[in-house]
Each structure stands twice: as C-alpha cells, then as structure tokens.
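Engineer: First the structure, which I've put down as structure tokens, then a few questions once you've had a look.
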Amino acid sequence: MIRPLYKAQAPFMEVQAGHGYQGVLMYDDQEDKIQCHLCGKYFSLLGKHTHMSHGVLSSEYRTRFGLASTMALCSNRVSRIHRDTLERHPEMYVKGAAMLLTHRPVKSAKQWSIIAKLGKAVMSRQNRLGLCDLQMRARWEVVEKIVGHEPSHDEILKYDKVLLARILDTGTLNEYRRKVGRKFHPVGPLRTADTTIIAAIRKWSHSKTHSMSSYEWHRTKQRPNIEAVLKVFGSWQGAMTAAGLTYKSSQKHPHRRTAK
C-alpha cells in the first residue's frame, strides 16, 4: 500500500516537475521504501540516493519539495536500526549533540525570527495541519455545504476557526473569496463589540514604545482581553486590519512588528 510516511491530510499539491506531492513522502508498506520526487523510484536511503544519483543534498531536497528540516529521508527499517544503535550506545548521541552545540553558529533574534517564519511556511507542516491551498479550499467547501450558502465571517468562525485564522494570516476574507472565485462582500456596519475593541486597539497604538503584537496586548493586561479579541475577529491580524493599522518593520529591532 502506498501512503504518506508521516502524518498529513489530503488533498495534496502535486509536484509540477517531478513525482509525488509537495511536503509529502510517499511510502511503500510492502517494500519499506520511500519515493524520490525527482525520478519516482523507491529507496530505503533517499538522502543517499538524491546525492549520489541526482547531485542534490538532503537539505536542498527538503527545501525544494517543502519537507521539514527534521524529516528523516529514510525508511522505517533504517530508522529503527538508527534508534536501536543509539539505545545501545548512548554515548554516540551525547557526542553528536556536543558537536552540534560546538559548531552551530550563533544566530541573532532576526535570524531566528526568519527561521520560525520559514518553518511555518514549510509545506509538510501545512499538510499536517490541513492548511495547504488545496486543503483550505476543501475546508471552505465543507463549511459552504454546512451552511448551505457562501459562509460569512461568523459562520466560518463557528464551524472552522482554524481555517479563518489561516485566511486572515495571509490576507483578508474578501481577498480569499476572490481567490476561490466567490463574490466580494461589502463590509457592513460594525457591532458594538467590534467598535469597542477597535477603539481600544487604536488608543493603544498611540504609544510607540511597544510592539503591536497579541503577546504584548496580553502581557500589558489590555482590555478587552486577548480571548475576547480573537473571539470577535478570529485572529489578531484580523483585529489589527479592522482597526486600520498596518505593519512596518523597525530597523533597530527588525524582528519586531510595530504599528505604522
């Protein structure tokens, strides 16, 4: 049986120039081998094969096909052999960890921020959470079937708040409607809860001594609390967008996001 080796939710995005799917390692249960995205054949040691046959390093291969940096490019049998070896010889693990700490370069806060953003954007992570483009479209259609029409902000929040948060993280709800071929919805009058939160966020934004983040809102004990904000708008970015605030990176602290 051919199946994804690691946890992932279908549907998957096909590789345009190659075989298989982006962010997914296809695994053959009977042969105990995983598929190469470049040639379509199955191997026990995929990392060794890509380097020897295609001249592609494991790190380059993971980046090219949306695989997480921690994802092993080997079969289950090889993984068990490595795990058993480390259990019998724990000093090998300790030595390897010490070498990693010695040779790992020191990174700035900006570099760690970039690494974190790249990790969230890796296709294998999006597949695991069901948030790649095809999966989001499928989730949108499920909500449409539940409500019987094109869903509103509140209906998506009710039936799939993870989908709504992902949409608002990458833009606005109307932008996503255009992307999937749905109608543009004009913004209607705001509710009392909306205007109260928006007024509080705008008042808070007058001070330039803090970063405009949900963590900072929670840390400084602003009111209404962050749970109320997320309940109304679905995400922090959605609340900031409703308040008419955009972001501009600070040159002094490039890893922080401040209100413009």
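The way I read the labels, and the way they are meant: chains A, B, ... in the order of the structure tokens, residue 1 as the first residue of every chain, and ligand 1 as the first ligand shown, with later ones counted on from there.
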Report the residues of segment 3-163 of chain A whose backbone DSSP state falls under strand (DSSP E or B), written as a VMD selection string.
Structural biologist: chain A and resid 3 to 4 14 21 26 to 28 33 to 35 42 to 43 45 74
Engineer: Neighbours of Gln126 of chain A within 12 Å (only C-alpha atoms; same-chain residues fewer than 3 positions away dropped), as a ChimeraX atom specification?
Structural biologist: /A:7-13,22-24,66-68,118-123,129-136,162-163,166
Engineer: Which is closest to Ala17 of chain A among A:Pro4, A:Gly47, A:Gly40, A:Gly234, if we use only C-alpha atoms?
Structural biologist: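 Closest residue, counting only C-alpha atoms: A:Gly40.
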Engineer: Pick the closest to Glu31 of chain A from A:Thr63, A:Ser75, A:Ser58, A:Ser211: which is it, counting only C-alpha atoms?
Structural biologist: A:Ser75
Engineer: Just how far from atom CA of Trp236 of chain A is atom CA of Asp169 of chain A, in Å to one decimal?
Structural biologist: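 Those two atoms sit 8.7 Å apart.
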Engineer: Tell me which protein, DNA and RNA residues are within 12 Å of Asp154 of chain A, counting only C-alpha atoms, leaving out same-chain ones fewer than 2 positions away, and put them as a list in words.
Structural biologist: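 Everything that qualifies: Val143, Val147, Glu150, Pro151, Ser152, Ile156, Leu157, Lys158, Tyr159, Asp160, Lys161, Leu164, Leu173, Leu230, Lys231, Val232, Phe233 and Gly234 of chain A.
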Engineer: Atoms to include: N, CA and C atoms. Write the selected residues as a CSV table (one decimal), in the first residue's frame.
Structural biologist:
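And here's again24.csv as it stands now:
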```
chain,number,residue,atom,x,y,z
A,143,VAL,N,-17.6,24.0,4.8
A,143,VAL,CA,-18.3,25.0,5.5
A,143,VAL,C,-19.5,25.5,4.7
A,147,VAL,N,-23.6,25.3,5.8
A,147,VAL,CA,-24.4,26.5,6.0
A,147,VAL,C,-25.4,26.6,4.8
A,150,GLU,N,-22.7,30.7,0.6
A,150,GLU,CA,-21.4,31.2,0.9
A,150,GLU,C,-21.2,31.7,2.3
A,151,PRO,N,-20.3,31.1,3.1
A,151,PRO,CA,-20.2,31.5,4.5
A,151,PRO,C,-19.7,32.9,4.8
A,152,SER,N,-20.2,33.4,5.9
A,152,SER,CA,-19.8,34.7,6.3
A,152,SER,C,-18.7,34.6,7.3
A,156,ILE,N,-17.8,31.0,9.4
A,156,ILE,CA,-16.5,30.3,9.3
A,156,ILE,C,-15.9,30.2,10.7
A,157,LEU,N,-16.0,31.2,11.5
A,157,LEU,CA,-15.5,31.2,12.8
A,157,LEU,C,-16.2,30.1,13.7
A,158,LYS,N,-17.5,29.9,13.4
A,158,LYS,CA,-18.3,28.9,14.2
A,158,LYS,C,-17.9,27.5,13.8
A,159,TYR,N,-17.7,27.2,12.5
A,159,TYR,CA,-17.5,25.9,12.0
A,159,TYR,C,-16.1,25.5,11.7
A,160,ASP,N,-15.2,26.5,11.5
A,160,ASP,CA,-13.8,26.1,11.2
A,160,ASP,C,-12.9,27.4,11.5
A,161,LYS,N,-12.7,27.6,12.8
A,161,LYS,CA,-11.9,28.8,13.2
A,161,LYS,C,-10.5,28.7,12.8
A,164,LEU,N,-10.3,30.1,9.3
A,164,LEU,CA,-10.5,31.5,9.3
A,164,LEU,C,-9.2,32.2,9.8
A,173,LEU,N,-10.5,38.3,4.3
A,173,LEU,CA,-11.5,37.3,3.9
A,173,LEU,C,-12.0,37.6,2.5
A,230,LEU,N,-9.9,37.7,19.9
A,230,LEU,CA,-9.9,36.6,19.0
A,230,LEU,C,-11.3,36.0,18.7
A,231,LYS,N,-12.1,36.0,19.7
A,231,LYS,CA,-13.5,35.5,19.5
A,231,LYS,C,-14.3,36.4,18.6
A,232,VAL,N,-14.1,37.7,18.6
A,232,VAL,CA,-14.8,38.6,17.7
A,232,VAL,C,-14.2,38.6,16.3
A,233,PHE,N,-12.9,38.7,16.2
A,233,PHE,CA,-12.2,38.9,14.9
A,233,PHE,C,-11.6,37.6,14.3
A,234,GLY,N,-11.4,36.6,15.1
A,234,GLY,CA,-10.9,35.3,14.6
A,234,GLY,C,-9.4,35.3,14.7
```
Engineer: What does the distance between atom CA of Ile34 of chain A and atom CA of Ile2 of chain A come to in Å, to one decimal place?
Structural biologist: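 Result for atom CA of Ile34 of chain A versus atom CA of Ile2 of chain A: 9.2 Å, one decimal.
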Engineer: Pick out the residues sitting within 9 Å of Tyr215 of chain A, and hand them over as a PyMOL selection string; count only C-alpha atoms, and ignore anything fewer than 4 positions along from it in its own chain.
Structural biologist: chain A and resi 219-220+226
Engineer: Give me every helix (DSSP H, G or I) residue in segment 192-222 of chain A, going by DSSP on the backbone, as a list in words.
Structural biologist: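 Reading the DSSP output for segment 192-222 of chain A, helix (DSSP H, G or I) covers Thr192, Ala193, Asp194, Thr195, Thr196, Ile197, Ile198, Ala199, Ala200, Ile201, Arg202, Lys203, Trp204, Ser205, Ser214, Tyr215, Glu216, Trp217, His218 and Arg219 of chain A.
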Engineer: Write a file of the just-selected residues containing C-alpha atoms, as an mmCIF file, in the first residue's frame.
Structural biologist:
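Okay, out_3.cif is ready:
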```
data_model
loop_
_atom_site.group_PDB
_atom_site.id
_atom_site.type_symbol
_atom_site.label_atom_id
_atom_site.label_comp_id
_atom_site.auth_asym_id
_atom_site.auth_seq_id
_atom_site.Cartn_x
_atom_site.Cartn_y
_atom_site.Cartn_z
ATOM 1 C CA THR A 192 -20.855 47.338 19.443
ATOM 2 C CA ALA A 193 -18.265 44.725 20.478
ATOM 3 C CA ASP A 194 -16.290 45.406 17.289
ATOM 4 C CA THR A 195 -16.195 49.171 17.750
ATOM 5 C CA THR A 196 -15.198 48.836 21.413
ATOM 6 C CA ILE A 197 -12.237 46.608 20.571
ATOM 7 C CA ILE A 198 -11.181 48.740 17.600
ATOM 8 C CA ALA A 199 -11.251 51.895 19.750
ATOM 9 C CA ALA A 200 -9.126 50.187 22.411
ATOM 10 C CA ILE A 201 -6.561 48.980 19.860
ATOM 11 C CA ARG A 202 -6.296 52.413 18.211
ATOM 12 C CA LYS A 203 -5.853 54.098 21.587
ATOM 13 C CA TRP A 204 -3.159 51.562 22.491
ATOM 14 C CA SER A 205 -1.386 52.148 19.168
ATOM 15 C CA SER A 214 -1.084 39.900 20.644
ATOM 16 C CA TYR A 215 1.500 38.804 23.209
ATOM 17 C CA GLU A 216 2.205 42.429 24.161
ATOM 18 C CA TRP A 217 -1.531 43.121 24.397
ATOM 19 C CA HIS A 218 -1.881 40.190 26.793
ATOM 20 C CA ARG A 219 1.323 40.985 28.736
#
```
Engineer: List as an MDAnalysis selection string the protein and nucleic acid residues near Leu46 of chain A, meaning an atom at most 6 Å away when only C-alpha atoms are counted, but skip any in the same chain fewer than 3 places from it.
Structural biologist: chainID A and resid 43 49 73:74
Engineer: For atom CA of Gln237 of chain A and atom CA of Ile167 of chain A, quote the distance in Å rounded to one decimal.
Structural biologist: 10.2 Å
